[in-house]
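Q: Structure below; questions to follow.
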Amino acid sequence: MTTTLDRRGRSPYKRRRAALWAAHTDGDTCPRCLGPMYRAQGLQADHVETMAMVDPKALPDSLSHMVCNTRHGQAVGAATRKLDERFPDPEQREVEKLRIVAEVTARVHAELRAHRAPRTTRTSRTW
Ligand SMILES: [Zn+2]
């Protein structure tokens, strides 16, 4: 695999991750649970766009909570297990994978958003 390293020897993945961290402001919204993200919570470079999730070469497109990323990753992993056996035709497999990933993502996001802890900081806000 050919990767273009920058002067500090970082791969495109690491550069993207560093850029996502640099752009992060504590309190930014997690794209998965819609809760506020704080560095101390444990954040990860994540693939939130469906196309990025199914493209192994895609760079991360957002930070998200580690727990949200993990929960989503496990659900997608379980739902797409043995996909090549279920869909022997590669073209059909790609279509089904996209469909399944989108479906699982919608379900996991709904669960995460429904069970998110109430924001106790809301009452201290001035708006
Ligand atoms: Zn989250």
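Letters A, B, ... mark the chains of the structure tokens in the order given; residue numbers begin at 1 per chain; ligand numbers begin at 1, in order shown.
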Can you tell me which residues sit at most 9 Å away from ligand 1, counting only C-alpha atoms and all ligand atoms, written as a ChimeraX atom specification?

A: /A:29-37,43,64-69,109,112-113,116

Q: Restricted to N, CA and C atoms, what would the selected residues look like written as a PDB file, in the first residue's frame?

A:
```
ATOM      1  N   THR A  29     -21.260  18.546  19.221  1.00  0.00           N
ATOM      2  CA  THR A  29     -22.272  17.489  19.217  1.00  0.00           C
ATOM      3  C   THR A  29     -21.737  16.185  18.620  1.00  0.00           C
ATOM      4  N   CYS A  30     -21.969  15.101  19.322  1.00  0.00           N
ATOM      5  CA  CYS A  30     -21.618  13.775  18.800  1.00  0.00           C
ATOM      6  C   CYS A  30     -22.584  13.438  17.670  1.00  0.00           C
ATOM      7  N   PRO A  31     -22.075  13.080  16.482  1.00  0.00           N
ATOM      8  CA  PRO A  31     -22.972  12.810  15.361  1.00  0.00           C
ATOM      9  C   PRO A  31     -23.820  11.552  15.569  1.00  0.00           C
ATOM     10  N   ARG A  32     -23.460  10.724  16.515  1.00  0.00           N
ATOM     11  CA  ARG A  32     -24.215   9.486  16.726  1.00  0.00           C
ATOM     12  C   ARG A  32     -25.310   9.674  17.786  1.00  0.00           C
ATOM     13  N   CYS A  33     -24.963  10.139  18.986  1.00  0.00           N
ATOM     14  CA  CYS A  33     -25.984  10.246  20.041  1.00  0.00           C
ATOM     15  C   CYS A  33     -26.539  11.664  20.159  1.00  0.00           C
ATOM     16  N   LEU A  34     -25.899  12.614  19.507  1.00  0.00           N
ATOM     17  CA  LEU A  34     -26.269  14.035  19.542  1.00  0.00           C
ATOM     18  C   LEU A  34     -25.998  14.681  20.904  1.00  0.00           C
ATOM     19  N   GLY A  35     -25.285  13.984  21.764  1.00  0.00           N
ATOM     20  CA  GLY A  35     -24.880  14.565  23.045  1.00  0.00           C
ATOM     21  C   GLY A  35     -23.603  15.368  22.886  1.00  0.00           C
ATOM     22  N   PRO A  36     -23.296  16.206  23.877  1.00  0.00           N
ATOM     23  CA  PRO A  36     -22.065  16.994  23.805  1.00  0.00           C
ATOM     24  C   PRO A  36     -20.833  16.102  24.012  1.00  0.00           C
ATOM     25  N   MET A  37     -19.781  16.422  23.293  1.00  0.00           N
ATOM     26  CA  MET A  37     -18.539  15.639  23.399  1.00  0.00           C
ATOM     27  C   MET A  37     -17.483  16.452  24.125  1.00  0.00           C
ATOM     28  N   LEU A  43     -12.864  10.234  23.017  1.00  0.00           N
ATOM     29  CA  LEU A  43     -13.440  10.447  21.683  1.00  0.00           C
ATOM     30  C   LEU A  43     -12.596   9.698  20.666  1.00  0.00           C
ATOM     31  N   SER A  64     -16.392  11.085  17.405  1.00  0.00           N
ATOM     32  CA  SER A  64     -17.599  10.718  18.131  1.00  0.00           C
ATOM     33  C   SER A  64     -17.160  10.107  19.457  1.00  0.00           C
ATOM     34  N   HIS A  65     -18.130   9.945  20.375  1.00  0.00           N
ATOM     35  CA  HIS A  65     -17.813   9.277  21.627  1.00  0.00           C
ATOM     36  C   HIS A  65     -17.294   7.877  21.343  1.00  0.00           C
ATOM     37  N   MET A  66     -16.308   7.460  22.112  1.00  0.00           N
ATOM     38  CA  MET A  66     -15.791   6.104  21.941  1.00  0.00           C
ATOM     39  C   MET A  66     -16.911   5.076  22.123  1.00  0.00           C
ATOM     40  N   VAL A  67     -17.761   5.274  23.129  1.00  0.00           N
ATOM     41  CA  VAL A  67     -18.838   4.299  23.381  1.00  0.00           C
ATOM     42  C   VAL A  67     -19.829   4.268  22.220  1.00  0.00           C
ATOM     43  N   CYS A  68     -20.112   5.402  21.634  1.00  0.00           N
ATOM     44  CA  CYS A  68     -21.053   5.454  20.507  1.00  0.00           C
ATOM     45  C   CYS A  68     -20.448   4.777  19.279  1.00  0.00           C
ATOM     46  N   ASN A  69     -19.177   5.067  19.017  1.00  0.00           N
ATOM     47  CA  ASN A  69     -18.483   4.457  17.886  1.00  0.00           C
ATOM     48  C   ASN A  69     -18.423   2.940  18.061  1.00  0.00           C
ATOM     49  N   HIS A 109     -28.490   4.781  16.123  1.00  0.00           N
ATOM     50  CA  HIS A 109     -28.585   6.205  16.451  1.00  0.00           C
ATOM     51  C   HIS A 109     -29.859   6.487  17.243  1.00  0.00           C
ATOM     52  N   LEU A 112     -29.260   5.212  20.774  1.00  0.00           N
ATOM     53  CA  LEU A 112     -28.326   6.070  21.502  1.00  0.00           C
ATOM     54  C   LEU A 112     -28.999   7.379  21.904  1.00  0.00           C
ATOM     55  N   ARG A 113     -29.793   7.916  20.993  1.00  0.00           N
ATOM     56  CA  ARG A 113     -30.420   9.219  21.255  1.00  0.00           C
ATOM     57  C   ARG A 113     -31.538   9.097  22.283  1.00  0.00           C
ATOM     58  N   ARG A 116     -29.826   8.446  25.896  1.00  0.00           N
ATOM     59  CA  ARG A 116     -28.784   9.374  26.316  1.00  0.00           C
ATOM     60  C   ARG A 116     -29.152   9.975  27.679  1.00  0.00           C
TER      61      ARG A 116
END
```

Q: For stretch 48-56 of chain A, work out the shell of residues within 10 Å, counting only C-alpha atoms and skipping chain neighbours fewer than 5 positions away, then give it as a ChimeraX atom specification.

A: /A:31-32,61-64,69,72-73,76,94,97-99,101-102,105

Q: So the first atom is atom CA of A:Thr4 and the second is atom CA of A:Arg16; what is the distance between them in Å, to one decimal place?

A: 12.4 Å

Q: One decimal, Å: what's the distance from atom CA of A:Tyr38 over to atom CA of A:Glu111, could you say?

A: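 Those two atoms sit 20.6 Å apart.
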
Q: One decimal, in Å: what's the spacing between atom CA of A:Asp46 and atom CA of A:Gly27?

A: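 We find that atom CA of A:Asp46 and atom CA of A:Gly27 lie 17.0 Å from each other.
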
Q: From a DSSP pass on the backbone, collect the residues of chain A flagged as helix (DSSP H, G or I) and hand them back as an MDAnalysis selection string.

A: chainID A and resid 12:23 39:41 50:54 66:79 83:86 90:114 120:124

Q: Give me every strand (DSSP E or B) residue in stretch 5-125 of chain A, going by DSSP on the backbone, as a PyMOL selection string.

A: chain A and resi 28-29+36-37+43-46+62-65

Q: Please identify all polymer residues within 12 Å of stretch 8-15 of chain A, counting only C-alpha atoms, omitting same-chain residues fewer than 2 positions from it, and present them as a ChimeraX atom specification.

A: /A:1-6,17-22,44-47,56-61

Q: A:Ile100, A:Gly42, A:Val108, A:Arg71: which is nearest A:Leu83, counting only C-alpha atoms?

A: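 Between A:Ile100, A:Gly42, A:Val108, A:Arg71, the residue approaching A:Leu83 most closely is A:Ile100.
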